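Encoded as structure tokens, the structure appears first; notes follow it.
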Amino acid sequence: GDDPDWDRMVDNFGRFCQLAAQYGLEASIEAPVTQRHVNRLEKALNLITDSGAENAVICLHPYHFNHVGDTGGMIRAQDPRPFPYTQIDDGKADPPPPKGRCAPGEGIVPLADILDALTPNLPLSLEWSMPADSKYTPTEWAQHAIDKTRKFLDGLYDLLEFALPLYEREGKSSLTLALGCTGGRHRSVVLIDELQKRFGDGRFRIHVKHRDMEK
């Protein structure tokens, strides 16, 4: 994704995809990446379309994705097929990517919105390299990075963990939580089911209704 000659890049990418297909492999392009020519999601999608490769996919790079102005709404507008997995990374506004990375949830990247725009239960690839002045060993850094990432993912439930006891304390007998997605039969269904697993431990009486499942 870093050739200024678009036609040549399309041809080379298509050839690479053909070679990968011979071994039953997908060919994934990391995108967008700010300092490369394929520096927007739209360009990565156009590269795949123009190459005609059916095994070409995109591995999203959230830090760059946010920096160049791409949004979760742009993902929601696409067929989910080109997005079989994603990186999970975060960073500060200054310095810009590729520098400035930080723990997921501690930077400027709207990770929750990006993850919500993607198909549920995708494999996540954590990208957060060890700082040059770090005192960690490689093993210690790997553990630190995964612990911070898990903290972020667990934090997606924190609002409900905080709010539900307050509703009870105020004497409210019910709380309606509605989640939606484009068709009402995929992302929202999985998210509701995950919430039921999380909070269906006997603390609350839960009634689940998937309104659009049978439409």
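Residues in the structure tokens are numbered from 1 in each chain, the chains being A, B, ... in the order shown, and ligands are numbered from 1 in the order shown.
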For this session: Excluding segment 131-136 of chain A and any residue of its chain fewer than 3 positions from it, enumerate the residues within 10 Å of it, using only C-alpha atoms, and give them as number ranges by chain.
Result: A: 99-102, 128, 139-144
Write the residues you've just listed into a file as a PDB file, in the first residue's frame, and include N, CA and C atoms for each of them.
ATOM      1  N   LYS A  99       4.173   7.355  16.229  1.00  0.00           N
ATOM      2  CA  LYS A  99       4.587   7.556  17.608  1.00  0.00           C
ATOM      3  C   LYS A  99       3.370   7.887  18.456  1.00  0.00           C
ATOM      4  N   GLY A 100       3.561   7.981  19.761  1.00  0.00           N
ATOM      5  CA  GLY A 100       2.475   8.428  20.630  1.00  0.00           C
ATOM      6  C   GLY A 100       1.531   7.350  21.103  1.00  0.00           C
ATOM      7  N   ARG A 101       1.862   6.072  20.875  1.00  0.00           N
ATOM      8  CA  ARG A 101       0.960   5.004  21.302  1.00  0.00           C
ATOM      9  C   ARG A 101       0.866   4.949  22.830  1.00  0.00           C
ATOM     10  N   CYS A 102      -0.296   4.506  23.292  1.00  0.00           N
ATOM     11  CA  CYS A 102      -0.517   4.364  24.728  1.00  0.00           C
ATOM     12  C   CYS A 102      -1.466   3.190  24.963  1.00  0.00           C
ATOM     13  N   TRP A 128       1.166  -2.402  20.447  1.00  0.00           N
ATOM     14  CA  TRP A 128       1.626  -1.399  21.404  1.00  0.00           C
ATOM     15  C   TRP A 128       3.057  -1.765  21.763  1.00  0.00           C
ATOM     16  N   THR A 139       8.976 -10.099  28.238  1.00  0.00           N
ATOM     17  CA  THR A 139       7.872 -10.871  28.816  1.00  0.00           C
ATOM     18  C   THR A 139       7.018 -10.001  29.728  1.00  0.00           C
ATOM     19  N   GLU A 140       7.663  -9.167  30.526  1.00  0.00           N
ATOM     20  CA  GLU A 140       6.921  -8.279  31.427  1.00  0.00           C
ATOM     21  C   GLU A 140       6.093  -7.270  30.642  1.00  0.00           C
ATOM     22  N   TRP A 141       6.659  -6.764  29.535  1.00  0.00           N
ATOM     23  CA  TRP A 141       5.907  -5.809  28.727  1.00  0.00           C
ATOM     24  C   TRP A 141       4.684  -6.461  28.084  1.00  0.00           C
ATOM     25  N   ALA A 142       4.861  -7.672  27.591  1.00  0.00           N
ATOM     26  CA  ALA A 142       3.732  -8.381  26.990  1.00  0.00           C
ATOM     27  C   ALA A 142       2.603  -8.548  28.005  1.00  0.00           C
ATOM     28  N   GLN A 143       2.958  -8.898  29.243  1.00  0.00           N
ATOM     29  CA  GLN A 143       1.935  -9.064  30.284  1.00  0.00           C
ATOM     30  C   GLN A 143       1.286  -7.726  30.632  1.00  0.00           C
ATOM     31  N   HIS A 144       2.101  -6.680  30.716  1.00  0.00           N
ATOM     32  CA  HIS A 144       1.578  -5.337  30.999  1.00  0.00           C
ATOM     33  C   HIS A 144       0.593  -4.903  29.917  1.00  0.00           C
TER      34      HIS A 144
END
Using the chain letters and numbers from this document, which residues of segment 10-192 of chain A does DSSP assign to strand (DSSP E), as a compact mmCIF listing (two decimals) with N, CA, C and O atoms, in the first residue's frame?
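Saved result, states04.txt, follows:
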# COMPACT_ATOMS: atom_id res chain seq x y z
N ALA A 27 -5.06 -12.35 1.84
CA ALA A 27 -4.02 -11.33 1.75
C ALA A 27 -4.56 -10.08 2.43
O ALA A 27 -5.51 -9.46 1.96
N SER A 28 -3.95 -9.72 3.55
CA SER A 28 -4.45 -8.61 4.35
C SER A 28 -3.56 -7.39 4.20
O SER A 28 -2.34 -7.49 4.30
N ILE A 29 -4.19 -6.24 3.98
CA ILE A 29 -3.46 -4.99 3.93
C ILE A 29 -3.77 -4.21 5.20
O ILE A 29 -4.95 -4.02 5.56
N GLU A 30 -2.74 -3.79 5.91
CA GLU A 30 -2.92 -2.95 7.10
C GLU A 30 -3.27 -1.55 6.63
O GLU A 30 -2.51 -0.93 5.88
N ALA A 31 -4.41 -1.05 7.07
CA ALA A 31 -4.86 0.25 6.58
C ALA A 31 -5.86 0.87 7.54
O ALA A 31 -6.54 0.15 8.28
N ALA A 56 -8.70 -10.77 -0.71
CA ALA A 56 -8.07 -9.58 -0.13
C ALA A 56 -8.94 -9.03 0.99
O ALA A 56 -10.16 -8.90 0.84
N VAL A 57 -8.32 -8.70 2.11
CA VAL A 57 -9.04 -8.15 3.26
C VAL A 57 -8.22 -7.01 3.87
O VAL A 57 -7.09 -6.74 3.45
N ILE A 58 -8.80 -6.37 4.87
CA ILE A 58 -8.17 -5.23 5.54
C ILE A 58 -8.00 -5.55 7.01
O ILE A 58 -8.92 -6.04 7.66
N CYS A 59 -6.82 -5.26 7.52
CA CYS A 59 -6.59 -5.28 8.96
C CYS A 59 -6.57 -3.82 9.41
O CYS A 59 -5.61 -3.10 9.12
N LEU A 60 -7.64 -3.37 10.06
CA LEU A 60 -7.74 -1.97 10.46
C LEU A 60 -6.65 -1.58 11.46
O LEU A 60 -6.27 -2.37 12.32
N TYR A 85 -10.71 -9.22 10.94
CA TYR A 85 -10.00 -9.02 12.20
C TYR A 85 -9.55 -7.57 12.24
O TYR A 85 -9.65 -6.83 11.25
N THR A 86 -9.06 -7.13 13.38
CA THR A 86 -8.58 -5.75 13.50
C THR A 86 -7.48 -5.66 14.54
O THR A 86 -7.39 -6.50 15.44
N GLN A 87 -6.63 -4.66 14.37
CA GLN A 87 -5.72 -4.33 15.45
C GLN A 87 -6.50 -3.57 16.52
O GLN A 87 -7.55 -2.99 16.24
N ILE A 88 -6.00 -3.58 17.72
CA ILE A 88 -6.53 -2.72 18.77
C ILE A 88 -5.35 -1.92 19.31
O ILE A 88 -4.40 -2.49 19.85
N ASP A 90 -4.15 2.41 20.55
CA ASP A 90 -4.60 3.74 20.93
C ASP A 90 -3.37 4.65 20.96
O ASP A 90 -2.23 4.18 20.91
N GLY A 91 -3.59 5.95 21.03
CA GLY A 91 -2.47 6.86 21.07
C GLY A 91 -2.90 8.28 21.34
O GLY A 91 -4.10 8.61 21.35
N ARG A 101 1.86 6.07 20.87
CA ARG A 101 0.96 5.00 21.30
C ARG A 101 0.87 4.95 22.83
O ARG A 101 1.81 5.27 23.55
N CYS A 102 -0.30 4.51 23.29
CA CYS A 102 -0.52 4.36 24.73
C CYS A 102 -1.47 3.19 24.96
O CYS A 102 -1.89 2.51 24.01
N LEU A 124 -8.59 -9.98 17.73
CA LEU A 124 -7.95 -8.67 17.93
C LEU A 124 -6.44 -8.85 18.00
O LEU A 124 -5.94 -9.73 18.69
N SER A 125 -5.73 -7.98 17.30
CA SER A 125 -4.27 -7.98 17.33
C SER A 125 -3.81 -6.73 18.06
O SER A 125 -4.03 -5.61 17.58
N LEU A 126 -3.20 -6.90 19.21
CA LEU A 126 -2.75 -5.75 20.00
C LEU A 126 -1.43 -5.22 19.44
O LEU A 126 -0.46 -5.97 19.32
For this session: Within 7 Å of Pro104 of chain A, counting only C-alpha atoms, which residues show up once you throw out same-chain ones fewer than 3 positions away? Write them as an MDAnalysis selection string, please.
Result: chainID A and resid 89:90 107 148:149 152
How about saving the chosen residues, N, CA, C and O atoms kept, as a tab-separated table (two decimals), in the first residue's frame?
chain	number	residue	atom	x	y	z
A	89	ASP	N	-5.38	-0.62	19.07
A	89	ASP	CA	-4.32	0.23	19.57
A	89	ASP	C	-4.87	1.63	19.78
A	89	ASP	O	-5.92	2.00	19.27
A	90	ASP	N	-4.15	2.41	20.55
A	90	ASP	CA	-4.60	3.74	20.93
A	90	ASP	C	-3.37	4.65	20.96
A	90	ASP	O	-2.23	4.18	20.91
A	107	GLY	N	-6.07	6.96	25.20
A	107	GLY	CA	-5.72	7.93	24.17
A	107	GLY	C	-6.95	8.58	23.57
A	107	GLY	O	-8.02	8.64	24.19
A	148	LYS	N	-3.49	-4.24	30.43
A	148	LYS	CA	-4.10	-2.95	30.14
A	148	LYS	C	-5.23	-3.07	29.12
A	148	LYS	O	-6.26	-2.41	29.22
A	149	THR	N	-5.02	-3.93	28.13
A	149	THR	CA	-6.03	-4.12	27.09
A	149	THR	C	-7.27	-4.79	27.68
A	149	THR	O	-8.41	-4.40	27.37
A	152	PHE	N	-9.33	-2.30	29.52
A	152	PHE	CA	-10.16	-1.49	28.63
A	152	PHE	C	-11.41	-2.25	28.21
A	152	PHE	O	-12.53	-1.72	28.27
For this session: For segment 161-174 of chain A, work out the shell of residues within 12 Å, counting only C-alpha atoms and skipping chain neighbours fewer than 6 positions away, then give it as a list in words.
Result: Asp154, Gly155, Leu195, Arg198, Phe199, Arg203, Phe204, Arg205, Ile206 and His207 of chain A
Problem set entry | Selected residue of minimal separation from Gly105 of chain A among A:Ile146, A:Leu153, A:Leu175, A:Ala93, counting only C-alpha atoms |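 Checking each candidate against Gly105 of chain A, we get A:Leu153 as the closest.
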For this session: Show which residues sit within 6 Å of His64 of chain A, as a PyMOL selection string. Count only C-alpha atoms, and ignore same-chain residues fewer than 3 positions away.
Result: chain A and resi 33-34+61+67
Can you check which parts of segment 58-134 of chain A lie within 9 Å of segment 40-51 of chain A? Per residue, the shortest pair of atoms and distance in Å to one decimal, counting only C-alpha atoms, sorted by chain and number, as a tab-separated table.
residue	atom	partner	partner_atom	distance
A:Ile58	CA	A:Ala44	CA	7.4
A:Leu60	CA	A:Leu41	CA	8.4
A:His64	CA	A:Arg40	CA	8.7
A:Phe65	CA	A:Arg40	CA	7.2
A:Val68	CA	A:Arg40	CA	6.7
A:Gly69	CA	A:Arg40	CA	8.3
A:Asp70	CA	A:Leu41	CA	6.9
A:Met74	CA	A:Leu41	CA	8.2
A:Ile75	CA	A:Leu41	CA	8.6
A:Pro82	CA	A:Leu45	CA	8.2
Problem set entry | Pick from A:Ala20, A:Leu159, A:Lys92, A:His37 nearest to Asp5 of chain A, counting only C-alpha atoms |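 For Asp5 of chain A, the nearest of the given residues is A:His37.
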For this session: From a DSSP pass on the backbone, collect the residues of segment 69-153 of chain A flagged as helix (DSSP H, G or I) and hand them back as a list in words.
Result: Gly72, Gly73, Met74, Ile75, Arg76, Leu111, Ala112, Asp113, Ile114, Leu115, Asp116, Ala117, Pro138, Thr139, Glu140, Trp141, Ala142, Gln143, His144, Ala145, Ile146, Asp147, Lys148, Thr149, Arg150, Lys151, Phe152 and Leu153 of chain A
Problem set entry | Spatial neighbours of Ala178 of chain A, 12 Å, only C-alpha atoms, chain gap at least 4 places, as an MDAnalysis selection string | chainID A and resid 184 188:189 191:192 195 207:211
Exercise. When you draw a straight line from atom CA of Ala112 of chain A to atom CA of Pro80 of chain A, how long is it in Å?
Worked result: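 Between atom CA of Ala112 of chain A and atom CA of Pro80 of chain A the gap works out to 17.1 Å.
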Exercise. To one decimal place, how far is atom CA of Gly202 of chain A from atom CA of Thr176 of chain A in Å?
Worked result: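 Atom-to-atom, atom CA of Gly202 of chain A and atom CA of Thr176 of chain A are spaced 17.7 Å apart.
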